[in-house]
Structure formats: C-alpha cells, structure tokens
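Below is one structure, written out as structure tokens, with a few remarks after it.
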Amino acid sequence: MTVFYTIIQQLVNGLILGSFYSLVALGYSMVYGIIKLLNFAHGDIYMVGAFVGFGALGIFGNALGIGWLGITVALVISMVLVGFLGIVIHRIAYQPLLNKNAPRMSLLITAVGVSFTLFNAVMVMTSGEYKAFTTSLGYDGISIGPINITYTQIIMVVATAVLMLGLYWFINRTMYGKAMRAIALDQDACRLMGINVTKTISLTFFVGSALAAAAGVMAGVYYGSIHFYMGFIIGLKAFTAAVIGGIGSIPGAMLGGLILGLLETAGTQLPFVGSAWKDVFTFGILILLLVTKPTGILGKSEIERM
C-alpha cells in the first residue's frame with residue numbers, strides 16, 4: 001500500500017513538473033515549425049516571465065492581495081509584456097537575418113546571443129540573488145492517507161490544461177492559426193496569397209513567449225523563489241520534451257513535456273538512481289527513444305521538395 005501511495009504522489013509531482021516543461025516546449029515547437037529555428041533563448045524568456053510576474057505581484061499585491069486574484073493579474077501582465085518582448089526579439093534579432101536568407105547557423109548563433117543578453121541583464125538587475133516569490137496560498141488541499149494534493153497543484157494543472165486547449169483551438173480554428181500552419185508549409189506561396197508572413201511569425205513569437213512567461217510565473221508560485229539561472233536548465237529540458245514529442249508538433253510538445261516530467265519523478269524513486277541521477281536517467285531514456293524513433297513520438301519525417 002505504501003508503494004501505491006508513493007506512485008500516486010509521484011504522478012501528481014510529475015504532472016506539475018511536466019506542465020512547466022510542456023508550456024515552454026510549445027514555444028520551441030511553434031517557432032521551429034514555422035521558421036525552422038531552434039530558439040535557445042526561450043528558456044531565458046521563461047525566466048524573464050517569472051521576474052515580470054514577480055514585479056507585477058509586488059506592484060499590485062497591496063491592492064489585490066497576494067492570493068489567487070493578485071497572482072492571476074500578475075500572470076496575465078507577465079504573459080502580455082513578455083509576449084511583446086518575444087515580438088521585439090523576433091523583429092530585431094531574427095527578422096533581418098530571415099529577410100537576407102541567412103544560413104541557419106547564423107540564426108542559431110543569434111539565438112544563443114539573445115539568450116546570454118537576457119541572462120546577463122537579469123543577473124545584473126538582481127545582483128545574482130534569489131528572490132522569494134511570496135504568496136498567501138498555503139498548503140491546504142486534499143489528503144488521502146499519506147498522499148497530499150494541494151489546491152495550488154490542482155489549479156496549476158487545470159490552468160495548464162486550459163492554456164494548452166486554448167492554444168490548440170487557436171491553431172486549428174482561427175484564421176491566424178491557419179496562417180501559421182500554411183507558413184510552416186510554404187512561405188513563398190503564402191506571400192503570393194496575400195498572407196502577411198512577418199506579422200504572422202511575430203504573432204507566433206508572441207504566443208510562444210506568453211506561454212513561457214505563464215510557466216515562469218507558475219514555477220515561481222510553486223517553488224517559492226526565482227533566480228536568473230532558472231531558465232537554463234528548464235530550457236534544455238523543454239527542448240528535450242519538444243524532441244521527445246516531435247519537434248514542430250504542438251500535441252507532441254504537450255505530450256513530451258508530460259512524459260519528461262513523469263520520467264524525472266519516476267527516476268528519483270528507482271533503486272540506485274535517486275534524485276542525483278534523475279537527469280542521467282531521463283536523458284538516457286531520450287537517447288533510447290531517438291534511436292528507435294528519431295522523429296519523436298508524434299513527429300513526422302520531412303520530405304525535401306526539389
């Protein structure tokens with residue numbers, strides 16, 4: 001019975017961790033799917049989102065409180081502001097290279113440069129210190145034997161599901177979403193059909209950055225602290241999740257993030273593994289998966305057009 005309780009508790013923890021990975025992985029997959037760019041600055045956008053939410057909660061917390069109302073307002077503000085930051089990054093750093101048909105390596109190096117810029121800017125502004133993301137949520141929840149599921153965990157999983165379903169609806173049911181899918185197939189044909197390619201790509205950066213910001217704020221609320229270095233490791237993990245699910249696939253990014261979160265929490269419970277070896281376990285599984293299915297779970301092989 002103890003083993004059963006442990007499995008349930010770790011499933012809950014894995015869903016929370018996987019939710020963060022999925023939201024960040026969606027940005028990777030969206031940008032790669034539309035312009036074939038591995039935006040390695042995306043993890044740092046997640047970190048910036050956490051700090052923007054932290055600042056917004058500090059500003060509006062006195063009036064709205066530091067409960068769910070204040071957190072919701074801070075999350076929305078962070079999503080909007082960081083979404084516009086994504087547009088600025090696209091227009092300044094990436095679009096000039098795309099206009100010149102620069103080599104993909106140039107875009108990749110530029111993404112690394114943007115990452116270091118965001119990373120060091122926040123490090124200087126915060127003096128490299130951890131910031132306590134203080135809320136009044138507490139640890140109340142549902143207890144079943146030794147299993148404790150807090151209301152915070154439940155709300156975060158529900159909020160992540162709502163954001164994912166909203167994105168899925170946006171991509172598949174709106175004109176902008178259809179334009180994104182069309183540009184992913186053939187940009188030149190889209191220009192001939194009158195689609196504003198640059199504007200649509202900017203919208204893609206906005207949506208991906210907003211989702212990463214939401215994950216950053218939720219991580220700050222969940223863990224209780226934020227740091228300028230927090231985007232590095234989750235950037236790698238979210239990229240891994242996108243690859244597991246199939247880079248460029250929206251459902252694949254969602255699935256890959258959840259699988260990665262569950263694998264990490266499962267790895268900590270295995271004999272001779274423990275928390276110190278969880279990353280070794282996780283990336284070992286990744287290697288095995290890619291050896292057997294290089295395109296990822298929901299990815300498709302690309303056919304090069306002549």
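Each chain in the structure tokens gets a letter, A, B, ..., in the order shown, and its residues are numbered from 1; ligands are numbered from 1 in order too.
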Show which residues sit within 8 Å of region 153-167 of chain A, as JSON, numbers by chain. Count only C-alpha atoms, and ignore same-chain residues fewer than 5 positions away. {"A": [15, 16, 19, 23, 211, 218, 222, 254]}
Surrounding residues of region 288-302 of chain A excluding itself and chain neighbours under 5 positions, 6 Å, only C-alpha atoms, as a PyMOL selection string: chain A and resi 243-246+252
Using only C-alpha atoms, determine which residues lie at most 12 Å from Val114 (chain A), disregarding the query and same-chain residues fewer than 6 positions distant; provide the list as number ranges by chain. A: 39-45, 85-86, 88-90, 92-94, 107-108, 120-121
Considering only C-alpha atoms, tabulate each residue of region 154-253 of chain A that lies at most 9 Å from region 125-144 of chain A along with its nearest interatomic pair and the corresponding distance in Å to one decimal; arrange the rows by chain and ascending residue number and present them as a Markdown table.
| residue | atom | partner | partner_atom | distance |
| --- | --- | --- | --- | --- |
| A:Ile154 | CA | A:Gly141 | CA | 8.7 |
| A:Gly220 | CA | A:Phe133 | CA | 5.8 |
| A:Val221 | CA | A:Phe133 | CA | 6.1 |
| A:Tyr222 | CA | A:Phe133 | CA | 8.8 |
| A:Tyr223 | CA | A:Phe133 | CA | 8.1 |
| A:Gly224 | CA | A:Phe133 | CA | 4.8 |
| A:Ser225 | CA | A:Ala132 | CA | 4.4 |
| A:Ile226 | CA | A:Lys131 | CA | 5.3 |
| A:His227 | CA | A:Tyr130 | CA | 4.9 |
| A:Phe228 | CA | A:Gly128 | CA | 6.6 |
| A:Tyr229 | CA | A:Gly128 | CA | 8.6 |
Write out as a count of residues only the residues lying within 8 Å of Val48 (chain A), counting only C-alpha atoms and excluding same-chain residues fewer than 2 positions away. 11
Tell me, as a PyMOL selection string, which residues lie within 8 Å of Met180 (chain A), counting only C-alpha atoms; anything in the same chain fewer than 5 positions away does not count. chain A and resi 34+171+200-201+204
Would you save the residues from that selection as a PDB file, in the first residue's frame, using all heavy atoms?
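The resulting file, out-v3.pdb, is reproduced below:
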ATOM      1  N   ILE A  34       7.512  26.882 -37.742  1.00  0.00           N
ATOM      2  CA  ILE A  34       7.172  27.920 -38.716  1.00  0.00           C
ATOM      3  C   ILE A  34       8.389  28.475 -39.440  1.00  0.00           C
ATOM      4  O   ILE A  34       8.312  28.830 -40.611  1.00  0.00           O
ATOM      5  CB  ILE A  34       6.377  29.053 -38.019  1.00  0.00           C
ATOM      6  CG1 ILE A  34       5.618  29.885 -39.051  1.00  0.00           C
ATOM      7  CG2 ILE A  34       7.251  29.919 -37.156  1.00  0.00           C
ATOM      8  CD1 ILE A  34       4.590  30.802 -38.452  1.00  0.00           C
ATOM      9  N   ILE A 171      -4.770  27.447 -32.889  1.00  0.00           N
ATOM     10  CA  ILE A 171      -4.012  26.965 -34.049  1.00  0.00           C
ATOM     11  C   ILE A 171      -4.926  26.332 -35.093  1.00  0.00           C
ATOM     12  O   ILE A 171      -4.706  26.471 -36.296  1.00  0.00           O
ATOM     13  CB  ILE A 171      -2.932  25.961 -33.601  1.00  0.00           C
ATOM     14  CG1 ILE A 171      -1.860  26.659 -32.746  1.00  0.00           C
ATOM     15  CG2 ILE A 171      -2.271  25.290 -34.806  1.00  0.00           C
ATOM     16  CD1 ILE A 171      -1.059  27.694 -33.474  1.00  0.00           C
ATOM     17  N   THR A 200       2.658  37.307 -39.057  1.00  0.00           N
ATOM     18  CA  THR A 200       2.242  36.012 -38.525  1.00  0.00           C
ATOM     19  C   THR A 200       3.359  35.360 -37.714  1.00  0.00           C
ATOM     20  O   THR A 200       3.109  34.759 -36.667  1.00  0.00           O
ATOM     21  CB  THR A 200       1.809  35.083 -39.669  1.00  0.00           C
ATOM     22  OG1 THR A 200       0.800  35.729 -40.452  1.00  0.00           O
ATOM     23  CG2 THR A 200       1.257  33.778 -39.134  1.00  0.00           C
ATOM     24  N   ILE A 201       4.595  35.502 -38.195  1.00  0.00           N
ATOM     25  CA  ILE A 201       5.721  34.963 -37.431  1.00  0.00           C
ATOM     26  C   ILE A 201       5.870  35.698 -36.102  1.00  0.00           C
ATOM     27  O   ILE A 201       6.146  35.091 -35.063  1.00  0.00           O
ATOM     28  CB  ILE A 201       7.018  35.047 -38.260  1.00  0.00           C
ATOM     29  CG1 ILE A 201       6.925  34.136 -39.492  1.00  0.00           C
ATOM     30  CG2 ILE A 201       8.228  34.640 -37.417  1.00  0.00           C
ATOM     31  CD1 ILE A 201       8.106  34.259 -40.440  1.00  0.00           C
ATOM     32  N   THR A 204       3.498  34.345 -33.726  1.00  0.00           N
ATOM     33  CA  THR A 204       3.975  33.067 -33.207  1.00  0.00           C
ATOM     34  C   THR A 204       4.924  33.280 -32.036  1.00  0.00           C
ATOM     35  O   THR A 204       4.832  32.590 -31.008  1.00  0.00           O
ATOM     36  CB  THR A 204       4.690  32.280 -34.317  1.00  0.00           C
ATOM     37  OG1 THR A 204       3.813  32.108 -35.429  1.00  0.00           O
ATOM     38  CG2 THR A 204       5.140  30.915 -33.814  1.00  0.00           C
TER      39      THR A 204
END
